[in-house]
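Chemist: I am attaching a structure below and will ask some questions about it afterwards.
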Amino acid sequence: MGGTHPTSGENADATIDEFILAMRKLYASFTPEYAEAECGVSRDLIVSVARQIGEAGSKFCSHTWRGAASAHEGGWQVSRCLFLLHVLTGSVGTEGGCLPSAWNKYKANLINMPPPQNHWNELHWPREFPLAHYEMSFMLPHFLKAGRGKIDTYFTRVFNPVWTYPDGFVWIEALSDESKIGCHVALTPTWNETALYADYVLPMGHGPERHDLNTYETHSATWIAFRQPVLRAAAMAEGKTVRDTRDTNPGSVWEEDEFWIALTWAIDPDGALGIRKYFESEKQPGEMLRVDEYYEYIFNRVPGLPEKAKAAGVSTLNYMRKYGAHEVKKHSYRKHERVLSEDDLAGAEIDPKTGVIRKNGHAVGISIDAARKAAARRVRMEAGRMGSAHHATDGDLEGMVGGAHPTDNAVSGLANPNSPISFQSKAVLKDGANIAASTIDEAMGGAVVEGFPTPSRLLEFYSPTMAEWGWADHALPAYIPSHVYVEEFAAHHKTGEVTPQSPNHQIAKSPNTFVLLPTFRLPTLIHTRSGSAKWLNEISQRNPVWIHTSDAQKLGIATGDLVRIVTDIGHFVDRVWITESIRPGVVACSHHLGRWRRRQDPPSSRWSGNTVAVEDKGGGIWKMRTLDGPAPFESSDPDSKRLWWRDGGVPQNLTFPVHPDPISGMHCWHQRVTVEKAGPADECGDVLVDTNKSMQVYENWMKKARWPAGPGDLRRPLWFNRPLRPMDAAYKI
């Protein structure tokens with residue numbers, strides 16, 4: 001399926017039915033029996049679930065969290081294959097179905113928005129990973145050590161990479177080297193391992209100590225919520241004058257909104273640098289912007305909110321202060337069928353070959369009529385790639401672009417021509433370089449709709465973007481074997497011989513080799529956020545290595561014994577827990593635990609943290625040993641004197657090298673490890689890492705990237721979203 005895109009000859013003619021048959025042939029190897037051999041779930045259960053999904057039809061809903069995508073190389077394909085199920089069942093954008101990402105999130109209109117920057121940060125968005133969904137900050141210290149740049153001032157905001165990210169000792173080396181990071185400022189609500197290596201530590205507010213906006217995809221509605229600093233709100237309710245949150249928050253906690261505004265004024269006090277103006281008051285020119293004006297500006301522009309506030313006899317700001325939330329839109333179904341307005345179309349271009357409408361160089365919609373004609377070509381292209389040879393007719397397209405069946409429009413990604421959507425207006429579109437007046441009729445065939453957020457504005461089975469950027473062999477929803485599989489197993493997939501008989505169920509090569517699941521999490525704790533939750537830590541204080549009884553017998557170990565977990569860059573020592581609740585050949589160690597501080601550091605996370613000795617042995621060799629676990633301590637809480645547990649867990653992430661997926665850029669967390677009995681000098685909590693090996697693994701994974709690959713000397717596809725998107729010119733290398 002990774003071949004070129006034939007458009008003529010024997011592959012040029014195909015019906016939609018033949019396309020489906022070719023699809024079935026493509027995925028014929030992936031039977032329920034194959035899936036059972038692969039994952040251990042019985043074929044009967046797989047078939048039962050599949051039938052329930054089929055019966056659910058347009059009301060099939062699913063959710064993909066970071067599990068597979070952040071565990072395995074190629075794990076991002078799990079999300080794509082799952083979404084294909086939604087396309088096949090017609091459950092995209094439907095009631096009870098799955099809404100595409102960010103469809104029902106509210107994007108606030110902010111005051112004094114600066115123009116996009118004309119700069120690209122290669123340390124966060126490296127050119128080798130143009131398809132990365134998000135910034136690759138987990139590799140920052142490796143880039144710095146590799147000589148790819150230097151940071152003058154680095155803010156770690158509510159961010160603890162030394163503990164949370166893999167390869168923490170490489171982070172310590174970078175943060176301790178002023179030739180790589182000149183000044184490190186830690187903005188954190190709690191003392192943490194990264195703050196130990198900061199030049200400045202600025203206490204930032206917890207949720208109840210700062211303003212913030214919330215909008216999540218909790219259901220089909222679009223909503224916005226307002227978080228407020230509790231003590232400040234209480235003081236204002238009592239009629240007290242509040243200068244800023246430092247007047248009411250405990251200690252010296254300054255909320256972020258006020259801090260960043262004040263810092264900007266301190267950097268550019270007279271406005272000569274041209275940045276202070278973005279943080280000046282519109283109501284009082286020349287004065288510093290205050291958070292009340294900042295949020296009132298936002299709320300005055302939220303659809304429906306000014307009307308609600310007016311009916312209540314209050315300002316929008318006071319309305320949100322009182323009620324805390326506002327529903328912007330009750331439902332966000334079938335957004336792809338939204339007919340574009342005259343304003344949307346003003347100055348737009350239409351590609352007559354594809355029906356795609358572009359504005360300022362970006363796709364914003366699609367013409368149904370032009371797309372129906374282009375669909376014939378797509379059917380021929382897709383089926384041609386799959387070796388089919390039949391003729392596509394307009395009738396064949398009914399199943400692709402509208403039709404009687406209620407799921408057809410979701411499969412095609414286009415509006416149903418029988419639906420009552422219409423657009424009664426005239427719009428001026430540019431057809432190539434020529435400007436022509438185009439009447440858009442009430443008939444659905446002539447409607448111009450928003451479509452989906454892809455270059456074609458359709459749901460793309462074959463991804464031209466993947467092909468254009470060097471990954472044509474992965475342009476279809478498929479299965480990529482994980483990096484933790486043994487070589488013998490992976491060879492079957494690399495040759496295309498994917499059959500149920502592949503020895504994929506044998507993950508380990510020897511009795512001592514295992515796959516470690518470091519993303520496994522005890523359900524009683526919350527990432528790093530429950531370190532000070534005394535009741536939760538009383539329930540779960542340690543993170544032993546889970547291992548199956550059969551594997552434990554082969555290794556000659558029992559519950560409570562110490563083992564070494566050896567990774568590619570070092571090892572950690574932990575106790576084991578023998579259980580039937582894990583698959584043979586797999587071991588797991590829960591995240592959440594293993595918080596630490598040195599003797600000379602201020603106390604932190606005393607309900608869960610260990611006191612450790614960190615030794616730089618030179619030459620890139622680092623060692624950590626636990627000196628003390630949690631112990632009773634004096635505080636205003638009498639329970640702190642009753643603390644009875646002495647184990648704070650093991651910081652396993654320190655021993656993991658970086659594994660950047662060459663396509664998604666996501667760190668692939670799962671590790672191939674060796675499990676062996678601990679030595680006589682080993683103690684629980686011991687960690688040993690060689691950062692020279694860390695850099696070797698980093699370099700090996702960097703070689704997986706395919707660069708240069710993109711068209712037009714671009715760093716990244718222009719249509720890909722990213723936070724704080726720069727101007728288009730910055731995408732050019």
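Residues in the structure tokens are numbered from 1 in each chain, the chains being A, B, ... in the order shown, and ligands are numbered from 1 in the order shown.
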Quick one: residues within 12 Å of stretch 64-79 of chain A, only C-alpha atoms, excluding same-chain residues fewer than 6 positions away - as number ranges by chain?

Modeler: A: 85-86, 98, 100-101, 131-133, 471, 474-485, 515-521, 658-672, 701, 704

Chemist: Fewer than 2 positions away in the same chain doesn't count, so skip those; otherwise give me all residues within 12 Å of A:Leu305, counting only C-alpha atoms, as a VMD selection string.

Modeler: chain A and resid 223 to 225 296 to 303 307 to 312 314 to 320 323 to 329

Chemist: What does the file look like for those residues with N, CA, C and O atoms, as a short mmCIF file (atom, residue, chain, number, x, y, z; two decimals), in the first residue's frame?

Modeler:
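Produced file again_6.cif, reproduced below:
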data_model
loop_
_atom_site.label_atom_id
_atom_site.label_comp_id
_atom_site.auth_asym_id
_atom_site.auth_seq_id
_atom_site.Cartn_x
_atom_site.Cartn_y
_atom_site.Cartn_z
N TRP A 223 -18.64 24.83 26.28
CA TRP A 223 -18.85 25.65 27.48
C TRP A 223 -17.52 26.29 27.91
O TRP A 223 -16.44 25.89 27.49
N ILE A 224 -17.66 27.31 28.75
CA ILE A 224 -16.50 28.00 29.30
C ILE A 224 -16.74 28.19 30.79
O ILE A 224 -17.87 28.47 31.22
N ALA A 225 -15.69 27.99 31.57
CA ALA A 225 -15.79 28.15 33.03
C ALA A 225 -14.69 29.08 33.52
O ALA A 225 -13.67 29.28 32.85
N GLU A 296 -12.83 40.48 31.62
CA GLU A 296 -14.07 41.12 31.18
C GLU A 296 -14.08 41.25 29.65
O GLU A 296 -15.12 41.06 29.00
N TYR A 297 -12.92 41.58 29.07
CA TYR A 297 -12.82 41.66 27.62
C TYR A 297 -13.21 40.32 27.00
O TYR A 297 -13.95 40.26 26.01
N ILE A 298 -12.71 39.23 27.55
CA ILE A 298 -13.01 37.89 27.04
C ILE A 298 -14.50 37.59 27.16
O ILE A 298 -15.16 37.18 26.20
N PHE A 299 -15.06 37.83 28.36
CA PHE A 299 -16.46 37.47 28.61
C PHE A 299 -17.43 38.31 27.78
O PHE A 299 -18.51 37.83 27.40
N ASN A 300 -17.06 39.55 27.49
CA ASN A 300 -17.95 40.39 26.67
C ASN A 300 -18.09 39.86 25.25
O ASN A 300 -19.01 40.27 24.53
N ARG A 301 -17.22 38.95 24.86
CA ARG A 301 -17.22 38.43 23.49
C ARG A 301 -17.60 36.96 23.40
O ARG A 301 -17.49 36.34 22.34
N VAL A 302 -18.04 36.39 24.50
CA VAL A 302 -18.50 35.00 24.49
C VAL A 302 -19.96 34.98 24.03
O VAL A 302 -20.80 35.65 24.62
N PRO A 303 -20.28 34.25 22.97
CA PRO A 303 -21.66 34.23 22.46
C PRO A 303 -22.68 33.89 23.54
O PRO A 303 -22.54 32.90 24.26
N GLU A 307 -25.86 38.68 26.95
CA GLU A 307 -27.32 38.69 27.10
C GLU A 307 -27.73 38.11 28.45
O GLU A 307 -28.62 38.63 29.13
N LYS A 308 -27.08 37.05 28.86
CA LYS A 308 -27.39 36.45 30.17
C LYS A 308 -27.05 37.41 31.29
O LYS A 308 -27.80 37.55 32.26
N ALA A 309 -25.90 38.06 31.18
CA ALA A 309 -25.47 39.00 32.22
C ALA A 309 -26.42 40.19 32.29
O ALA A 309 -26.79 40.65 33.40
N LYS A 310 -26.84 40.67 31.13
CA LYS A 310 -27.77 41.80 31.10
C LYS A 310 -29.09 41.44 31.76
O LYS A 310 -29.66 42.24 32.53
N ALA A 311 -29.58 40.23 31.48
CA ALA A 311 -30.84 39.79 32.09
C ALA A 311 -30.71 39.68 33.60
O ALA A 311 -31.69 39.89 34.34
N ALA A 312 -29.50 39.37 34.07
CA ALA A 312 -29.27 39.25 35.51
C ALA A 312 -28.92 40.59 36.15
O ALA A 312 -28.79 40.68 37.38
N VAL A 314 -26.12 42.38 35.75
CA VAL A 314 -24.72 42.48 36.17
C VAL A 314 -23.83 42.49 34.94
O VAL A 314 -24.27 42.23 33.83
N SER A 315 -22.56 42.80 35.15
CA SER A 315 -21.58 42.74 34.05
C SER A 315 -21.26 41.28 33.76
O SER A 315 -21.53 40.38 34.57
N THR A 316 -20.66 41.04 32.60
CA THR A 316 -20.28 39.66 32.27
C THR A 316 -19.26 39.12 33.27
O THR A 316 -19.32 37.93 33.63
N LEU A 317 -18.35 39.97 33.72
CA LEU A 317 -17.35 39.53 34.69
C LEU A 317 -18.01 39.12 35.99
O LEU A 317 -17.71 38.05 36.55
N ASN A 318 -18.92 39.93 36.49
CA ASN A 318 -19.59 39.60 37.75
C ASN A 318 -20.52 38.40 37.61
O ASN A 318 -20.72 37.63 38.55
N TYR A 319 -21.08 38.24 36.40
CA TYR A 319 -21.91 37.05 36.16
C TYR A 319 -21.06 35.78 36.30
O TYR A 319 -21.46 34.81 36.95
N MET A 320 -19.89 35.79 35.67
CA MET A 320 -19.02 34.62 35.75
C MET A 320 -18.44 34.45 37.15
O MET A 320 -18.18 33.31 37.58
N TYR A 323 -21.61 32.74 38.87
CA TYR A 323 -22.08 31.44 38.40
C TYR A 323 -20.96 30.51 37.94
O TYR A 323 -21.14 29.29 37.91
N GLY A 324 -19.82 31.08 37.55
CA GLY A 324 -18.65 30.25 37.26
C GLY A 324 -18.59 29.56 35.92
O GLY A 324 -17.53 29.10 35.52
N ALA A 325 -19.71 29.44 35.21
CA ALA A 325 -19.70 28.72 33.94
C ALA A 325 -20.81 29.24 33.04
O ALA A 325 -21.81 29.79 33.50
N HIS A 326 -20.60 29.05 31.73
CA HIS A 326 -21.59 29.48 30.74
C HIS A 326 -21.58 28.49 29.58
O HIS A 326 -20.51 28.13 29.07
N GLU A 327 -22.74 28.02 29.18
CA GLU A 327 -22.85 27.13 28.03
C GLU A 327 -22.94 27.96 26.76
O GLU A 327 -23.89 28.71 26.55
N VAL A 328 -21.94 27.81 25.91
CA VAL A 328 -21.89 28.58 24.67
C VAL A 328 -22.79 27.96 23.61
O VAL A 328 -23.50 28.67 22.89
N LYS A 329 -22.75 26.64 23.53
CA LYS A 329 -23.53 25.93 22.52
C LYS A 329 -23.94 24.59 23.09
O LYS A 329 -23.13 23.88 23.68
#

Chemist: Can you pull out the residues contacting A:Ala198? Cut-off 6 Å, using only C-alpha atoms, and skip same-chain residues under 4 positions away; I want them as a PDB file with N, CA, C and O atoms, in the first residue's frame.

Modeler:
ATOM      1  N   HIS A 184      17.746  29.540  34.914  1.00  0.00           N
ATOM      2  CA  HIS A 184      16.589  28.654  35.038  1.00  0.00           C
ATOM      3  C   HIS A 184      15.678  29.178  36.140  1.00  0.00           C
ATOM      4  O   HIS A 184      16.104  29.338  37.288  1.00  0.00           O
ATOM      5  N   VAL A 185      14.430  29.457  35.769  1.00  0.00           N
ATOM      6  CA  VAL A 185      13.429  29.943  36.711  1.00  0.00           C
ATOM      7  C   VAL A 185      12.333  28.892  36.837  1.00  0.00           C
ATOM      8  O   VAL A 185      11.694  28.531  35.842  1.00  0.00           O
ATOM      9  N   ALA A 186      12.119  28.382  38.036  1.00  0.00           N
ATOM     10  CA  ALA A 186      11.086  27.368  38.276  1.00  0.00           C
ATOM     11  C   ALA A 186       9.846  28.036  38.854  1.00  0.00           C
ATOM     12  O   ALA A 186       9.890  28.614  39.939  1.00  0.00           O
TER      13      ALA A 186
END

Chemist: Quick check, in Å to one decimal: how far apart do atom CA of A:Trp577 and atom CA of A:Pro544 lie?

Modeler: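 Value for the atom CA of A:Trp577-atom CA of A:Pro544 distance: 6.0 Å.
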
Chemist: From the set A:Trp719, A:Phe514, A:Trp607, A:Tyr106, which residue has the shortest atom-to-atom contact distance to A:Ser532, counting only C-alpha atoms?

Modeler: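 Closest to A:Ser532 of all the choices is A:Trp607.
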
Chemist: Mind checking which residues fall within 9 Å of stretch 634-643 of chain A, counting only C-alpha atoms, ignoring those fewer than 5 positions away in the same chain, and posting them as a list in words?

Modeler: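 The neighbour list is Lys534, Glu538, Arg606 and Trp607 of chain A.
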
Chemist: Check the DSSP output for the backbone and give back, as a list of chain:residue names, the residues of stretch 60-90 of chain A in alpha helix (DSSP H).

Modeler: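 Taking stretch 60-90 of chain A and keeping alpha helix (DSSP H) gives A:Trp76, A:Gln77, A:Val78, A:Ser79, A:Arg80, A:Cys81, A:Leu82, A:Phe83, A:Leu84, A:Leu85, A:His86, A:Val87, A:Leu88, A:Thr89.
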
Chemist: Keeping N, CA and C atoms, export the residues of the selection given above as a PDB file, in the first residue's frame.

Modeler:
ATOM      1  N   TRP A  76       0.673   5.542  17.621  1.00  0.00           N
ATOM      2  CA  TRP A  76      -0.310   6.516  17.129  1.00  0.00           C
ATOM      3  C   TRP A  76      -1.268   5.882  16.127  1.00  0.00           C
ATOM      4  N   GLN A  77      -0.859   4.775  15.487  1.00  0.00           N
ATOM      5  CA  GLN A  77      -1.743   4.120  14.531  1.00  0.00           C
ATOM      6  C   GLN A  77      -2.962   3.508  15.223  1.00  0.00           C
ATOM      7  N   VAL A  78      -2.861   3.230  16.510  1.00  0.00           N
ATOM      8  CA  VAL A  78      -4.023   2.707  17.241  1.00  0.00           C
ATOM      9  C   VAL A  78      -5.173   3.709  17.170  1.00  0.00           C
ATOM     10  N   SER A  79      -4.855   4.987  17.346  1.00  0.00           N
ATOM     11  CA  SER A  79      -5.889   6.021  17.277  1.00  0.00           C
ATOM     12  C   SER A  79      -6.474   6.097  15.871  1.00  0.00           C
ATOM     13  N   ARG A  80      -5.624   5.975  14.875  1.00  0.00           N
ATOM     14  CA  ARG A  80      -6.111   6.085  13.497  1.00  0.00           C
ATOM     15  C   ARG A  80      -7.003   4.892  13.138  1.00  0.00           C
ATOM     16  N   CYS A  81      -6.609   3.689  13.550  1.00  0.00           N
ATOM     17  CA  CYS A  81      -7.427   2.505  13.277  1.00  0.00           C
ATOM     18  C   CYS A  81      -8.764   2.587  14.003  1.00  0.00           C
ATOM     19  N   LEU A  82      -8.731   3.097  15.220  1.00  0.00           N
ATOM     20  CA  LEU A  82      -9.976   3.239  15.962  1.00  0.00           C
ATOM     21  C   LEU A  82     -10.893   4.250  15.290  1.00  0.00           C
ATOM     22  N   PHE A  83     -10.308   5.333  14.791  1.00  0.00           N
ATOM     23  CA  PHE A  83     -11.136   6.329  14.119  1.00  0.00           C
ATOM     24  C   PHE A  83     -11.718   5.770  12.818  1.00  0.00           C
ATOM     25  N   LEU A  84     -10.998   4.853  12.175  1.00  0.00           N
ATOM     26  CA  LEU A  84     -11.537   4.210  10.978  1.00  0.00           C
ATOM     27  C   LEU A  84     -12.827   3.464  11.315  1.00  0.00           C
ATOM     28  N   LEU A  85     -12.899   2.872  12.502  1.00  0.00           N
ATOM     29  CA  LEU A  85     -14.134   2.220  12.928  1.00  0.00           C
ATOM     30  C   LEU A  85     -15.286   3.220  12.983  1.00  0.00           C
ATOM     31  N   HIS A  86     -14.987   4.438  13.427  1.00  0.00           N
ATOM     32  CA  HIS A  86     -16.028   5.464  13.472  1.00  0.00           C
ATOM     33  C   HIS A  86     -16.492   5.841  12.070  1.00  0.00           C
ATOM     34  N   VAL A  87     -15.548   5.907  11.140  1.00  0.00           N
ATOM     35  CA  VAL A  87     -15.917   6.230   9.769  1.00  0.00           C
ATOM     36  C   VAL A  87     -16.789   5.121   9.191  1.00  0.00           C
ATOM     37  N   LEU A  88     -16.387   3.880   9.433  1.00  0.00           N
ATOM     38  CA  LEU A  88     -17.139   2.749   8.881  1.00  0.00           C
ATOM     39  C   LEU A  88     -18.528   2.615   9.488  1.00  0.00           C
ATOM     40  N   THR A  89     -18.678   3.026  10.729  1.00  0.00           N
ATOM     41  CA  THR A  89     -19.992   2.940  11.376  1.00  0.00           C
ATOM     42  C   THR A  89     -20.790   4.230  11.236  1.00  0.00           C
TER      43      THR A  89
END

Chemist: For A:Pro455, find every residue with an atom within 9 Å (counting only C-alpha atoms), except residues of its own chain fewer than 5 positions away, and show them as a PyMOL selection string.

Modeler: chain A and resi 356+362-364+464-465+719

Chemist: Those residues you just picked out, can you put them in a file as an mmCIF file, in the first residue's frame with all heavy atoms?

Modeler:
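The resulting file, out.cif, is reproduced below:
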data_model
loop_
_atom_site.group_PDB
_atom_site.id
_atom_site.type_symbol
_atom_site.label_atom_id
_atom_site.label_comp_id
_atom_site.auth_asym_id
_atom_site.auth_seq_id
_atom_site.Cartn_x
_atom_site.Cartn_y
_atom_site.Cartn_z
ATOM 1 N N VAL A 356 -11.924 22.006 -2.927
ATOM 2 C CA VAL A 356 -11.433 22.597 -1.685
ATOM 3 C C VAL A 356 -11.392 24.114 -1.819
ATOM 4 O O VAL A 356 -10.937 24.652 -2.834
ATOM 5 C CB VAL A 356 -10.042 22.060 -1.324
ATOM 6 C CG1 VAL A 356 -9.467 22.785 -0.111
ATOM 7 C CG2 VAL A 356 -10.103 20.563 -1.058
ATOM 8 N N HIS A 362 -5.082 28.762 3.300
ATOM 9 C CA HIS A 362 -5.477 27.662 4.171
ATOM 10 C C HIS A 362 -6.867 27.149 3.793
ATOM 11 O O HIS A 362 -7.774 27.933 3.505
ATOM 12 C CB HIS A 362 -5.468 28.106 5.634
ATOM 13 C CG HIS A 362 -4.117 28.527 6.123
ATOM 14 N ND1 HIS A 362 -3.173 27.639 6.575
ATOM 15 C CD2 HIS A 362 -3.536 29.756 6.197
ATOM 16 C CE1 HIS A 362 -2.080 28.286 6.923
ATOM 17 N NE2 HIS A 362 -2.266 29.584 6.703
ATOM 18 N N ALA A 363 -7.030 25.829 3.807
ATOM 19 C CA ALA A 363 -8.313 25.221 3.475
ATOM 20 C C ALA A 363 -9.334 25.556 4.553
ATOM 21 O O ALA A 363 -9.088 25.374 5.749
ATOM 22 C CB ALA A 363 -8.159 23.710 3.349
ATOM 23 N N VAL A 364 -10.503 26.056 4.113
ATOM 24 C CA VAL A 364 -11.554 26.442 5.068
ATOM 25 C C VAL A 364 -12.878 25.744 4.785
ATOM 26 O O VAL A 364 -13.800 25.821 5.592
ATOM 27 C CB VAL A 364 -11.782 27.969 5.055
ATOM 28 C CG1 VAL A 364 -10.534 28.705 5.518
ATOM 29 C CG2 VAL A 364 -12.206 28.448 3.665
ATOM 30 N N PRO A 464 -2.380 11.854 2.093
ATOM 31 C CA PRO A 464 -1.355 12.458 1.228
ATOM 32 C C PRO A 464 -0.267 13.160 2.026
ATOM 33 O O PRO A 464 0.889 13.197 1.602
ATOM 34 C CB PRO A 464 -2.159 13.446 0.376
ATOM 35 C CG PRO A 464 -3.567 12.952 0.418
ATOM 36 C CD PRO A 464 -3.729 12.351 1.783
ATOM 37 N N THR A 465 -0.634 13.708 3.174
ATOM 38 C CA THR A 465 0.356 14.400 4.000
ATOM 39 C C THR A 465 1.451 13.440 4.438
ATOM 40 O O THR A 465 2.641 13.766 4.390
ATOM 41 C CB THR A 465 -0.309 15.038 5.227
ATOM 42 O OG1 THR A 465 -1.280 15.988 4.797
ATOM 43 C CG2 THR A 465 0.718 15.740 6.107
ATOM 44 N N TRP A 719 -0.972 23.064 7.503
ATOM 45 C CA TRP A 719 -2.322 22.853 8.034
ATOM 46 C C TRP A 719 -2.317 22.224 9.424
ATOM 47 O O TRP A 719 -3.352 22.163 10.089
ATOM 48 C CB TRP A 719 -3.152 22.006 7.077
ATOM 49 C CG TRP A 719 -2.768 20.561 6.970
ATOM 50 C CD1 TRP A 719 -1.817 20.026 6.178
ATOM 51 C CD2 TRP A 719 -3.366 19.462 7.673
ATOM 52 N NE1 TRP A 719 -1.767 18.662 6.323
ATOM 53 C CE2 TRP A 719 -2.712 18.291 7.241
ATOM 54 C CE3 TRP A 719 -4.390 19.348 8.610
ATOM 55 C CZ2 TRP A 719 -3.038 17.015 7.721
ATOM 56 C CZ3 TRP A 719 -4.716 18.085 9.094
ATOM 57 C CH2 TRP A 719 -4.044 16.942 8.655
#

Chemist: Please determine, counting only C-alpha atoms, which residue among A:Arg43, A:His219, A:Lys677, A:His548 has the shortest atom-to-atom distance to A:Gly96.

Modeler: A:His219

Chemist: Take atom CA of A:Phe656 and atom CA of A:Gln696 and report the distance between them in Å, one decimal.

Modeler: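 Computing it gives 12.6 Å between the two atoms.
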
Chemist: Could you pull the residues within 8 Å of A:Lys105, counting only C-alpha atoms, minus those fewer than 3 positions along the same chain, as a VMD selection string?

Modeler: chain A and resid 102 215 to 217 222 to 223

Chemist: Taking only C-alpha atoms into account, name the residue in A:Val41, A:Ala371, A:Val650, A:Val675 that is nearest to A:Asn512.

Modeler: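 Of A:Val41, A:Ala371, A:Val650, A:Val675, the one nearest A:Asn512, counting only C-alpha atoms, is A:Val675.
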